[in-house]
file protein.txt (compact mmCIF, C-alpha atoms and all ligand atoms)
# COMPACT_ATOMS: atom_id res chain seq x y z
CA MET A 986 12.61 10.25 -22.77
CA ALA A 987 8.93 10.42 -23.71
CA GLU A 988 7.24 13.82 -23.57
CA LEU A 989 4.79 14.00 -20.64
CA ASP A 990 1.24 15.30 -21.04
CA GLY A 991 -2.28 14.81 -19.70
CA ASN A 992 -2.51 11.39 -21.36
CA SER A 993 0.60 10.02 -19.65
CA LYS A 994 -0.20 7.45 -16.97
CA VAL A 995 0.69 8.63 -13.47
CA GLY A 996 2.58 5.41 -12.63
CA ASP A 997 4.66 5.69 -15.80
CA ILE A 998 5.45 9.32 -14.98
CA VAL A 999 6.94 8.34 -11.61
CA THR A 1000 8.93 5.54 -13.26
CA GLN A 1001 10.35 7.99 -15.77
CA SER A 1002 10.77 10.94 -13.34
CA PRO A 1003 11.12 9.67 -9.75
CA GLY A 1004 10.92 13.26 -8.42
CA ALA A 1005 7.25 13.23 -9.47
CA ALA A 1006 6.41 11.05 -6.44
CA LYS A 1007 6.77 14.08 -4.15
CA VAL A 1008 4.70 16.29 -6.44
CA PHE A 1009 1.89 13.72 -6.62
CA ALA A 1010 1.96 13.19 -2.85
CA ARG A 1011 1.62 16.95 -2.35
CA HIS A 1012 -1.49 17.07 -4.55
CA GLY A 1013 -3.02 13.87 -3.17
CA ILE A 1014 -2.62 12.05 -6.50
CA ASP A 1015 -2.41 8.28 -6.04
CA PHE A 1016 0.42 6.98 -8.24
CA CYS A 1017 0.79 3.45 -6.87
CA CYS A 1018 -2.58 1.65 -6.91
CA GLY A 1019 -4.09 4.33 -9.16
CA GLY A 1020 -0.99 4.35 -11.36
CA GLY A 1021 -2.79 3.24 -14.52
CA ARG A 1022 -4.83 6.47 -14.81
CA PRO A 1023 -3.99 9.30 -17.18
CA LEU A 1024 -2.59 12.40 -15.49
CA GLY A 1025 -5.42 14.53 -16.87
CA ASP A 1026 -8.08 12.45 -15.06
CA ALA A 1027 -6.14 12.37 -11.80
CA CYS A 1028 -5.62 16.16 -11.89
CA GLY A 1029 -9.27 16.76 -12.76
CA GLU A 1030 -10.35 14.77 -9.74
CA ARG A 1031 -8.05 16.71 -7.44
CA GLY A 1032 -8.98 20.08 -8.97
CA VAL A 1033 -5.45 20.99 -10.05
CA ALA A 1034 -4.25 22.06 -13.50
CA VAL A 1035 -2.26 19.52 -15.52
CA GLU A 1036 0.18 22.26 -16.65
CA LYS A 1037 0.90 23.25 -13.06
CA VAL A 1038 1.64 19.65 -12.05
CA LEU A 1039 3.82 19.07 -15.13
CA ALA A 1040 5.80 22.24 -14.38
CA GLU A 1041 6.38 21.09 -10.79
CA ILE A 1042 7.51 17.68 -12.02
CA ALA A 1043 9.94 19.27 -14.46
CA SER A 1044 11.62 21.20 -11.64
CA ALA A 1045 11.46 18.41 -9.00
CA ASP A 1046 14.76 16.80 -8.09
CA ALA A 1047 14.91 13.03 -8.25
CA PRO A 1048 16.00 11.34 -5.02
CA ALA A 1049 19.80 11.19 -5.25
CA ASP A 1050 20.04 7.41 -5.10
CA ALA A 1051 16.96 6.51 -7.18
CA PRO A 1052 17.80 3.58 -9.45
CA ASP A 1053 16.71 3.58 -13.08
CA TRP A 1054 14.09 0.88 -12.60
CA SER A 1055 13.39 0.51 -16.30
CA ALA A 1056 17.03 -0.50 -16.90
CA LEU A 1057 16.90 -3.48 -14.51
CA GLY A 1058 16.13 -7.07 -15.53
CA LEU A 1059 13.37 -8.98 -13.72
CA GLU A 1060 15.76 -10.74 -11.39
CA GLN A 1061 17.56 -7.54 -10.48
CA LEU A 1062 14.20 -5.83 -9.94
CA CYS A 1063 13.19 -8.46 -7.37
CA ASP A 1064 16.58 -8.21 -5.66
CA GLU A 1065 16.50 -4.43 -5.57
CA ILE A 1066 12.91 -4.28 -4.26
CA GLU A 1067 13.87 -6.61 -1.42
CA ARG A 1068 17.06 -4.73 -0.61
CA ARG A 1069 15.67 -1.24 -0.96
CA TYR A 1070 12.16 -1.70 0.47
CA HIS A 1071 11.52 -5.03 2.20
CA VAL A 1072 14.55 -5.08 4.49
CA PRO A 1073 14.30 -1.50 5.86
CA GLN A 1074 10.50 -1.44 5.89
CA LEU A 1075 10.28 -4.63 7.93
CA GLU A 1076 12.53 -2.93 10.46
CA ASP A 1077 10.39 0.22 10.37
CA LEU A 1078 7.24 -1.84 10.87
CA ALA A 1079 8.60 -3.43 14.04
CA ARG A 1080 10.04 -0.18 15.41
CA LEU A 1081 6.84 1.78 14.78
CA GLU A 1082 4.74 -0.90 16.47
CA GLY A 1083 6.68 -0.39 19.69
CA LEU A 1084 6.30 3.37 19.41
CA ALA A 1085 2.59 3.21 18.56
CA ARG A 1086 1.88 1.03 21.59
CA LYS A 1087 3.95 3.20 23.88
CA VAL A 1088 2.50 6.53 22.75
CA ALA A 1089 -1.07 5.15 22.92
CA SER A 1090 -0.56 3.89 26.46
CA VAL A 1091 1.05 7.12 27.71
CA HIS A 1092 -1.13 9.69 25.89
CA GLY A 1093 -4.23 7.64 24.97
CA GLU A 1094 -6.34 9.21 27.71
CA ARG A 1095 -5.86 12.77 26.53
CA HIS A 1096 -5.69 11.81 22.85
CA PRO A 1097 -8.04 8.85 22.29
CA GLU A 1098 -7.29 8.89 18.55
CA LEU A 1099 -3.89 7.41 19.44
CA ARG A 1100 -5.55 4.18 20.53
CA GLN A 1101 -7.43 3.93 17.27
CA LEU A 1102 -4.22 4.76 15.42
CA ALA A 1103 -2.29 2.01 17.25
CA GLU A 1104 -5.00 -0.53 16.52
CA LEU A 1105 -5.12 0.33 12.82
CA TYR A 1106 -1.35 0.35 12.60
CA ILE A 1107 -0.93 -3.05 14.29
CA GLY A 1108 -3.43 -4.56 11.84
CA LEU A 1109 -1.49 -3.05 8.93
CA LYS A 1110 1.79 -4.38 10.27
CA GLU A 1111 0.42 -7.93 10.57
CA GLU A 1112 -0.88 -7.79 7.01
CA LEU A 1113 2.34 -6.37 5.60
CA ASP A 1114 4.58 -8.84 7.45
CA GLN A 1115 2.63 -11.61 5.66
CA HIS A 1116 2.53 -9.76 2.37
CA PHE A 1117 6.30 -9.19 2.24
CA MET A 1118 6.85 -12.85 3.11
CA LYS A 1119 4.55 -14.05 0.32
CA GLU A 1120 6.45 -11.94 -2.18
CA GLU A 1121 9.85 -13.07 -0.94
CA GLN A 1122 9.00 -16.75 -0.62
CA VAL A 1123 6.47 -17.34 -3.40
CA LEU A 1124 6.09 -14.63 -6.01
CA PHE A 1125 9.64 -13.34 -6.45
CA PRO A 1126 11.16 -16.85 -6.66
CA MET A 1127 8.61 -17.66 -9.41
CA ILE A 1128 9.58 -14.52 -11.30
CA ARG A 1129 13.29 -15.27 -10.93
CA GLN A 1130 12.96 -18.91 -12.00
CA MET A 1131 10.36 -18.72 -14.75
CA GLY A 1132 11.00 -15.22 -16.01
CA HIS A 1133 7.33 -14.43 -15.48
CA ALA A 1134 4.55 -14.79 -12.90
CA PRO A 1135 1.13 -16.43 -13.23
CA PRO A 1136 -1.61 -13.77 -13.05
CA PRO A 1137 -3.53 -15.03 -9.95
CA PRO A 1138 -0.79 -14.42 -7.35
CA VAL A 1139 -0.05 -11.03 -8.94
CA GLU A 1140 -3.73 -10.14 -8.56
CA VAL A 1141 -3.64 -11.15 -4.89
CA MET A 1142 -0.62 -8.89 -4.31
CA ARG A 1143 -2.30 -6.01 -6.12
CA ARG A 1144 -5.42 -6.41 -3.98
CA GLU A 1145 -3.32 -6.40 -0.82
CA HIS A 1146 -1.62 -3.22 -2.02
CA VAL A 1147 -5.03 -1.55 -2.33
CA GLU A 1148 -5.94 -2.70 1.19
CA ALA A 1149 -2.67 -1.38 2.61
CA GLY A 1150 -3.23 1.93 0.79
CA ASP A 1151 -6.69 2.18 2.39
CA VAL A 1152 -5.24 1.69 5.88
CA LEU A 1153 -2.56 4.32 5.21
CA ARG A 1154 -5.33 6.75 4.29
CA LYS A 1155 -7.23 5.94 7.49
CA LEU A 1156 -4.09 6.42 9.58
CA ARG A 1157 -3.60 9.83 8.03
CA GLU A 1158 -7.23 10.71 8.70
CA VAL A 1159 -7.23 9.55 12.33
CA SER A 1160 -4.03 11.48 13.05
CA GLY A 1161 -5.33 14.66 11.39
CA GLY A 1162 -2.63 14.47 8.73
CA TYR A 1163 0.05 13.64 11.34
CA ALA A 1164 -0.38 17.05 12.93
CA LEU A 1165 1.30 17.10 16.34
CA PRO A 1166 -0.55 18.63 19.30
CA GLU A 1167 1.21 21.19 21.47
CA ASP A 1168 1.85 18.71 24.27
CA ALA A 1169 3.46 16.08 22.02
CA CYS A 1170 6.55 14.47 23.53
CA ASN A 1171 9.52 13.16 21.59
CA SER A 1172 8.04 9.68 21.17
CA TYR A 1173 4.80 11.16 19.87
CA ARG A 1174 6.82 13.20 17.38
CA ALA A 1175 8.94 10.18 16.39
CA LEU A 1176 5.78 8.14 15.82
CA TYR A 1177 4.08 10.71 13.58
CA GLU A 1178 7.25 11.49 11.66
CA GLY A 1179 7.98 7.77 11.35
CA LEU A 1180 4.48 6.97 10.09
CA ALA A 1181 4.56 9.81 7.55
CA ALA A 1182 7.94 8.58 6.25
CA PHE A 1183 6.70 4.99 6.19
CA GLU A 1184 3.65 6.06 4.16
CA ARG A 1185 5.89 7.77 1.60
CA ASP A 1186 8.24 4.76 1.36
CA LEU A 1187 5.41 2.25 1.07
CA HIS A 1188 3.77 4.25 -1.72
CA GLU A 1189 7.06 4.18 -3.60
CA HIS A 1190 7.50 0.44 -2.93
CA ILE A 1191 3.98 -0.37 -4.16
CA HIS A 1192 4.46 1.85 -7.18
CA VAL A 1193 7.57 -0.06 -8.26
CA GLU A 1194 5.78 -3.40 -7.89
CA ASN A 1195 2.46 -2.39 -9.46
CA ASN A 1196 3.77 -0.24 -12.27
CA VAL A 1197 7.21 -1.68 -13.08
CA LEU A 1198 7.63 -5.26 -11.84
CA PHE A 1199 4.14 -6.74 -12.30
CA PRO A 1200 3.42 -5.45 -15.82
CA ARG A 1201 6.76 -6.81 -16.98
CA ALA A 1202 6.40 -10.14 -15.17
CA LEU A 1203 2.96 -10.99 -16.52
CA PRO A 1204 3.20 -13.45 -19.41
CA TYR A 1205 1.30 -11.35 -21.97
FE FE A 1301 7.03 -5.79 -1.82
FE FE A 1302 3.86 -5.79 -2.52
call {"tool": "encode", "arguments": {"input": "protein.txt", "output": "structure tokens"}}
result
Amino acid sequence: MAELDGNSKVGDIVTQSPGAAKVFARHGIDFCCGGGRPLGDACGERGVAVEKVLAEIASADAPADAPDWSALGLEQLCDEIERRYHVPQLEDLARLEGLARKVASVHGERHPELRQLAELYIGLKEELDQHFMKEEQVLFPMIRQMGHAPPPPVEVMRREHVEAGDVLRKLREVSGGYALPEDACNSYRALYEGLAAFERDLHEHIHVENNVLFPRALPY
């Protein structure tokens, strides 16, 4: 295992030590779309010491069922991304839409930010439904059949990842970091907890595509 330091790229660090995802999330370090940056730069921007972050990574537990992504072939990578991320996240997207609409209609008067949140979320869901479908029906079959992917569709997917990341950031902002007000009911709680979990899962999903699958599938 390569020694980690300030020059290690943040995306590579998460690939090598999956427990780092939590540490980066805690410090607001973007490891999926910003995964190509050296740790030193990312820490500098967030005002946190590289040594502190490396120490936290060293003691972070990896998720119990995290696969060793670097050991999988391209075909297995596509299969595993679909199984592990696309299938459950499509379900989450539909479930959270129902909750977002319901909570906005019940509490939108007292908490107008919920209406803005629902609107942003529904836009994100529509984009991601399409995005997942393009990967499953176009990009992943190309990768499985040809053993690589032409750069233009990969670039489109990367751009869509950045756009999705931007909406996740806005959702977090509008909801005040998913902080629940005192009068929050169970649905309100389920929505905020569900969105926070979805954010974490989507970051991980995008990280695996941007920093593991795409670099290996590009033909140079
Ligand atoms: Fe995907
Ligand atoms: Fe994707």
call {"tool": "residues_near_ligand", "arguments": {"input": "protein.txt", "ligand": "ligand FE 1302 (chain A)", "cutoff": "7 Å", "atoms": "all atoms listed in the file", "output": "PDB file with C-alpha atoms, in the frame of the given file"}}
result
ATOM      1  CA  HIS A1116       2.530  -9.760   2.370  1.00  0.00           C
ATOM      2  CA  PHE A1117       6.300  -9.190   2.240  1.00  0.00           C
ATOM      3  CA  GLU A1120       6.450 -11.940  -2.180  1.00  0.00           C
ATOM      4  CA  MET A1142      -0.620  -8.890  -4.310  1.00  0.00           C
ATOM      5  CA  HIS A1146      -1.620  -3.220  -2.020  1.00  0.00           C
ATOM      6  CA  ILE A1191       3.980  -0.370  -4.160  1.00  0.00           C
ATOM      7  CA  GLU A1194       5.780  -3.400  -7.890  1.00  0.00           C
TER       8      GLU A1194
END
call {"tool": "residues_around", "arguments": {"input": "protein.txt", "residues": "segment 1122-1136 of chain A", "least_positions_apart": "4", "cutoff": "12 Å", "atoms": "all atoms listed in the file", "output": "MDAnalysis selection string"}}
result
chainID A and resid 1058:1067 1115:1118 1140:1143 1194 1198:1205
call {"tool": "atom_distance", "arguments": {"input": "protein.txt", "atom1": "atom CA of Leu1024 of chain A", "atom2": "atom CA of Ser993 of chain A"}}
result
5.8 Å
call {"tool": "residues_around", "arguments": {"input": "protein.txt", "residues": "Gln1001 of chain A", "least_positions_apart": "2", "cutoff": "9 Å", "atoms": "all atoms listed in the file", "output": "compact mmCIF listing (two decimals) with C-alpha atoms, in the coordinates of the input"}}
result
# COMPACT_ATOMS: atom_id res chain seq x y z
CA MET A 986 12.61 10.25 -22.77
CA ALA A 987 8.93 10.42 -23.71
CA GLY A 996 2.58 5.41 -12.63
CA ASP A 997 4.66 5.69 -15.80
CA ILE A 998 5.45 9.32 -14.98
CA VAL A 999 6.94 8.34 -11.61
CA PRO A 1003 11.12 9.67 -9.75
CA ALA A 1005 7.25 13.23 -9.47
CA ASP A 1053 16.71 3.58 -13.08
CA TRP A 1054 14.09 0.88 -12.60
CA SER A 1055 13.39 0.51 -16.30
call {"tool": "closest_residue", "arguments": {"input": "protein.txt", "among": "A:Glu1184, A:Asp1114, A:Glu1148, A:Glu1158", "to": "ligand FE 1301 (chain A)", "atoms": "all atoms listed in the file"}}
result
A:Asp1114
call {"tool": "residues_around", "arguments": {"input": "protein.txt", "residues": "Gly1162 of chain A", "least_positions_apart": "6", "cutoff": "12 Å", "atoms": "only C-alpha atoms", "output": "list in words"}}
result
Gly1013, Leu1102, Leu1153, Arg1154, Lys1155, Leu1156, Tyr1177, Glu1178, Leu1180, Ala1181 and Glu1184 of chain A
call {"tool": "closest_residue", "arguments": {"input": "protein.txt", "among": "A:Lys994, A:Ala1043, A:Val1072, A:Gly1108", "to": "Cys1018 of chain A", "atoms": "all atoms listed in the file"}}
result
A:Lys994
call {"tool": "residues_near_point", "arguments": {"input": "protein.txt", "point": "(6.0, 18.5, -12.1)", "cutoff": "12 Å", "atoms": "all atoms listed in the file", "output": "ChimeraX atom specification"}}
result
/A:989-991,995,998-999,1001-1012,1024,1028,1033-1047
call {"tool": "closest_residue", "arguments": {"input": "protein.txt", "among": "A:Asp1015, A:Glu988, A:Asp1168, A:Asp1026", "to": "Glu1189 of chain A", "atoms": "only C-alpha atoms"}}
result
A:Asp1015
call {"tool": "closest_residue", "arguments": {"input": "protein.txt", "among": "A:Gly1179, A:Gly1019, A:Gly1025, A:Gly1161", "to": "Leu1099 of chain A", "atoms": "only C-alpha atoms"}}
result
A:Gly1161
call {"tool": "closest_residue", "arguments": {"input": "protein.txt", "among": "A:Ile1107, A:Arg1157, A:Asn1196, A:Glu1112", "to": "Arg1080 of chain A", "atoms": "all atoms listed in the file"}}
result
A:Ile1107
call {"tool": "closest_residue", "arguments": {"input": "protein.txt", "among": "A:Glu1121, A:Ala1103, A:Val1193, A:Val1147", "to": "Thr1000 of chain A", "atoms": "all atoms listed in the file"}}
result
A:Val1193
call {"tool": "axis_aligned_box", "arguments": {"input": "protein.txt", "around": "segment 1005-1013 of chain A", "padding_each_side": "8 Å", "output": "JSON"}}
result
{"center_x": 2.1, "center_y": 14.1, "center_z": -5.9, "size_x": 26.3, "size_y": 22.0, "size_z": 23.1}
call {"tool": "residues_around", "arguments": {"input": "protein.txt", "residues": "Leu1176 of chain A", "least_positions_apart": "5", "cutoff": "9 Å", "atoms": "only C-alpha atoms", "output": "list in words"}}
result
Leu1081, Leu1084, Ala1085, Val1088, Asn1171 and Ala1181 of chain A
call {"tool": "write_last_selection", "arguments": {"input": "protein.txt", "atoms": "C-alpha atoms", "output": "compact mmCIF listing (two decimals), in the coordinates of the input"}}
result
# COMPACT_ATOMS: atom_id res chain seq x y z
CA LEU A 1081 6.84 1.78 14.78
CA LEU A 1084 6.30 3.37 19.41
CA ALA A 1085 2.59 3.21 18.56
CA VAL A 1088 2.50 6.53 22.75
CA ASN A 1171 9.52 13.16 21.59
CA ALA A 1181 4.56 9.81 7.55
call {"tool": "atom_distance", "arguments": {"input": "protein.txt", "atom1": "atom CA of Tyr1070 of chain A", "atom2": "atom CA of His1190 of chain A"}}
result
6.2 Å
call {"tool": "atom_distance", "arguments": {"input": "protein.txt", "atom1": "atom CA of Gln1101 of chain A", "atom2": "atom CA of Lys1087 of chain A"}}
result
13.2 Å
call {"tool": "decode", "arguments": {"input": "protein.txt", "residues": "segment 1131-1145 of chain A", "atoms": "all heavy atoms", "output": "PDB file, in the first residue's frame"}}
result
ATOM      1  N   MET A1131     -16.179  -3.129 -25.370  1.00  0.00           N
ATOM      2  CA  MET A1131     -14.942  -2.731 -26.035  1.00  0.00           C
ATOM      3  C   MET A1131     -13.738  -2.763 -25.101  1.00  0.00           C
ATOM      4  O   MET A1131     -12.604  -2.651 -25.548  1.00  0.00           O
ATOM      5  CB  MET A1131     -15.086  -1.304 -26.598  1.00  0.00           C
ATOM      6  CG  MET A1131     -16.319  -1.102 -27.446  1.00  0.00           C
ATOM      7  SD  MET A1131     -16.263   0.440 -28.408  1.00  0.00           S
ATOM      8  CE  MET A1131     -16.192   1.677 -27.131  1.00  0.00           C
ATOM      9  N   GLY A1132     -14.019  -2.854 -23.799  1.00  0.00           N
ATOM     10  CA  GLY A1132     -12.908  -2.813 -22.848  1.00  0.00           C
ATOM     11  C   GLY A1132     -12.387  -1.403 -22.636  1.00  0.00           C
ATOM     12  O   GLY A1132     -11.398  -1.188 -21.959  1.00  0.00           O
ATOM     13  N   HIS A1133     -13.060  -0.423 -23.223  1.00  0.00           N
ATOM     14  CA  HIS A1133     -12.729   0.980 -22.953  1.00  0.00           C
ATOM     15  C   HIS A1133     -13.940   1.837 -23.323  1.00  0.00           C
ATOM     16  O   HIS A1133     -14.939   1.323 -23.814  1.00  0.00           O
ATOM     17  CB  HIS A1133     -11.491   1.428 -23.734  1.00  0.00           C
ATOM     18  CG  HIS A1133     -11.711   1.533 -25.208  1.00  0.00           C
ATOM     19  ND1 HIS A1133     -11.442   0.512 -26.080  1.00  0.00           N
ATOM     20  CD2 HIS A1133     -12.201   2.544 -25.977  1.00  0.00           C
ATOM     21  CE1 HIS A1133     -11.744   0.888 -27.316  1.00  0.00           C
ATOM     22  NE2 HIS A1133     -12.209   2.108 -27.274  1.00  0.00           N
ATOM     23  N   ALA A1134     -13.830   3.143 -23.094  1.00  0.00           N
ATOM     24  CA  ALA A1134     -14.925   4.048 -23.447  1.00  0.00           C
ATOM     25  C   ALA A1134     -14.357   5.229 -24.209  1.00  0.00           C
ATOM     26  O   ALA A1134     -13.288   5.731 -23.875  1.00  0.00           O
ATOM     27  CB  ALA A1134     -15.613   4.545 -22.184  1.00  0.00           C
ATOM     28  N   PRO A1135     -15.057   5.695 -25.271  1.00  0.00           N
ATOM     29  CA  PRO A1135     -14.587   6.890 -25.965  1.00  0.00           C
ATOM     30  C   PRO A1135     -14.673   8.097 -25.016  1.00  0.00           C
ATOM     31  O   PRO A1135     -15.605   8.174 -24.217  1.00  0.00           O
ATOM     32  CB  PRO A1135     -15.578   7.053 -27.121  1.00  0.00           C
ATOM     33  CG  PRO A1135     -16.433   5.826 -27.117  1.00  0.00           C
ATOM     34  CD  PRO A1135     -16.320   5.188 -25.778  1.00  0.00           C
ATOM     35  N   PRO A1136     -13.712   9.013 -25.094  1.00  0.00           N
ATOM     36  CA  PRO A1136     -13.707  10.138 -24.145  1.00  0.00           C
ATOM     37  C   PRO A1136     -14.967  11.007 -24.113  1.00  0.00           C
ATOM     38  O   PRO A1136     -15.380  11.407 -23.020  1.00  0.00           O
ATOM     39  CB  PRO A1136     -12.473  10.946 -24.560  1.00  0.00           C
ATOM     40  CG  PRO A1136     -11.582   9.939 -25.215  1.00  0.00           C
ATOM     41  CD  PRO A1136     -12.495   8.965 -25.914  1.00  0.00           C
ATOM     42  N   PRO A1137     -15.623  11.319 -25.264  1.00  0.00           N
ATOM     43  CA  PRO A1137     -16.742  12.288 -25.144  1.00  0.00           C
ATOM     44  C   PRO A1137     -17.858  11.870 -24.169  1.00  0.00           C
ATOM     45  O   PRO A1137     -18.243  12.681 -23.322  1.00  0.00           O
ATOM     46  CB  PRO A1137     -17.254  12.431 -26.581  1.00  0.00           C
ATOM     47  CG  PRO A1137     -16.073  12.076 -27.423  1.00  0.00           C
ATOM     48  CD  PRO A1137     -15.342  10.993 -26.671  1.00  0.00           C
ATOM     49  N   PRO A1138     -18.377  10.623 -24.251  1.00  0.00           N
ATOM     50  CA  PRO A1138     -19.437  10.298 -23.279  1.00  0.00           C
ATOM     51  C   PRO A1138     -18.947  10.320 -21.829  1.00  0.00           C
ATOM     52  O   PRO A1138     -19.704  10.672 -20.917  1.00  0.00           O
ATOM     53  CB  PRO A1138     -19.897   8.889 -23.663  1.00  0.00           C
ATOM     54  CG  PRO A1138     -19.018   8.409 -24.746  1.00  0.00           C
ATOM     55  CD  PRO A1138     -18.193   9.544 -25.247  1.00  0.00           C
ATOM     56  N   VAL A1139     -17.667   9.984 -21.617  1.00  0.00           N
ATOM     57  CA  VAL A1139     -17.121  10.042 -20.252  1.00  0.00           C
ATOM     58  C   VAL A1139     -17.127  11.496 -19.765  1.00  0.00           C
ATOM     59  O   VAL A1139     -17.489  11.787 -18.614  1.00  0.00           O
ATOM     60  CB  VAL A1139     -15.686   9.454 -20.206  1.00  0.00           C
ATOM     61  CG1 VAL A1139     -15.032   9.712 -18.857  1.00  0.00           C
ATOM     62  CG2 VAL A1139     -15.714   7.958 -20.514  1.00  0.00           C
ATOM     63  N   GLU A1140     -16.771  12.403 -20.674  1.00  0.00           N
ATOM     64  CA  GLU A1140     -16.768  13.826 -20.301  1.00  0.00           C
ATOM     65  C   GLU A1140     -18.168  14.313 -19.947  1.00  0.00           C
ATOM     66  O   GLU A1140     -18.355  15.096 -19.019  1.00  0.00           O
ATOM     67  CB  GLU A1140     -16.186  14.688 -21.437  1.00  0.00           C
ATOM     68  CG  GLU A1140     -14.676  14.706 -21.443  1.00  0.00           C
ATOM     69  CD  GLU A1140     -14.087  14.818 -20.034  1.00  0.00           C
ATOM     70  OE1 GLU A1140     -14.422  15.787 -19.327  1.00  0.00           O
ATOM     71  OE2 GLU A1140     -13.321  13.921 -19.620  1.00  0.00           O
ATOM     72  N   VAL A1141     -19.164  13.836 -20.715  1.00  0.00           N
ATOM     73  CA  VAL A1141     -20.553  14.226 -20.414  1.00  0.00           C
ATOM     74  C   VAL A1141     -20.930  13.740 -19.016  1.00  0.00           C
ATOM     75  O   VAL A1141     -21.499  14.488 -18.212  1.00  0.00           O
ATOM     76  CB  VAL A1141     -21.532  13.657 -21.475  1.00  0.00           C
ATOM     77  CG1 VAL A1141     -22.985  13.950 -21.078  1.00  0.00           C
ATOM     78  CG2 VAL A1141     -21.233  14.250 -22.844  1.00  0.00           C
ATOM     79  N   MET A1142     -20.576  12.486 -18.696  1.00  0.00           N
ATOM     80  CA  MET A1142     -20.920  11.949 -17.373  1.00  0.00           C
ATOM     81  C   MET A1142     -20.211  12.737 -16.275  1.00  0.00           C
ATOM     82  O   MET A1142     -20.797  13.054 -15.255  1.00  0.00           O
ATOM     83  CB  MET A1142     -20.548  10.463 -17.267  1.00  0.00           C
ATOM     84  CG  MET A1142     -21.336   9.524 -18.176  1.00  0.00           C
ATOM     85  SD  MET A1142     -23.124   9.546 -17.926  1.00  0.00           S
ATOM     86  CE  MET A1142     -23.641  10.491 -19.333  1.00  0.00           C
ATOM     87  N   ARG A1143     -18.950  13.073 -16.508  1.00  0.00           N
ATOM     88  CA  ARG A1143     -18.211  13.849 -15.501  1.00  0.00           C
ATOM     89  C   ARG A1143     -18.866  15.204 -15.262  1.00  0.00           C
ATOM     90  O   ARG A1143     -18.960  15.675 -14.132  1.00  0.00           O
ATOM     91  CB  ARG A1143     -16.770  14.102 -15.972  1.00  0.00           C
ATOM     92  CG  ARG A1143     -15.825  12.952 -15.730  1.00  0.00           C
ATOM     93  CD  ARG A1143     -14.395  13.464 -15.949  1.00  0.00           C
ATOM     94  NE  ARG A1143     -13.423  12.389 -15.999  1.00  0.00           N
ATOM     95  CZ  ARG A1143     -12.862  11.832 -14.924  1.00  0.00           C
ATOM     96  NH1 ARG A1143     -13.219  12.240 -13.722  1.00  0.00           N
ATOM     97  NH2 ARG A1143     -11.989  10.861 -15.055  1.00  0.00           N
ATOM     98  N   ARG A1144     -19.309  15.829 -16.363  1.00  0.00           N
ATOM     99  CA  ARG A1144     -19.959  17.145 -16.227  1.00  0.00           C
ATOM    100  C   ARG A1144     -21.242  17.008 -15.422  1.00  0.00           C
ATOM    101  O   ARG A1144     -21.560  17.828 -14.576  1.00  0.00           O
ATOM    102  CB  ARG A1144     -20.231  17.700 -17.621  1.00  0.00           C
ATOM    103  CG  ARG A1144     -20.354  19.194 -17.634  1.00  0.00           C
ATOM    104  CD  ARG A1144     -20.197  19.788 -19.016  1.00  0.00           C
ATOM    105  NE  ARG A1144     -21.069  19.144 -19.988  1.00  0.00           N
ATOM    106  CZ  ARG A1144     -20.644  18.643 -21.150  1.00  0.00           C
ATOM    107  NH1 ARG A1144     -19.374  18.695 -21.463  1.00  0.00           N
ATOM    108  NH2 ARG A1144     -21.497  18.093 -21.987  1.00  0.00           N
ATOM    109  N   GLU A1145     -21.995  15.950 -15.711  1.00  0.00           N
ATOM    110  CA  GLU A1145     -23.246  15.749 -14.969  1.00  0.00           C
ATOM    111  C   GLU A1145     -22.974  15.469 -13.488  1.00  0.00           C
ATOM    112  O   GLU A1145     -23.765  15.834 -12.629  1.00  0.00           O
ATOM    113  CB  GLU A1145     -24.074  14.636 -15.617  1.00  0.00           C
ATOM    114  CG  GLU A1145     -24.600  15.077 -16.978  1.00  0.00           C
ATOM    115  CD  GLU A1145     -25.458  14.043 -17.705  1.00  0.00           C
ATOM    116  OE1 GLU A1145     -25.670  12.926 -17.173  1.00  0.00           O
ATOM    117  OE2 GLU A1145     -25.911  14.357 -18.820  1.00  0.00           O
TER     118      GLU A1145
END
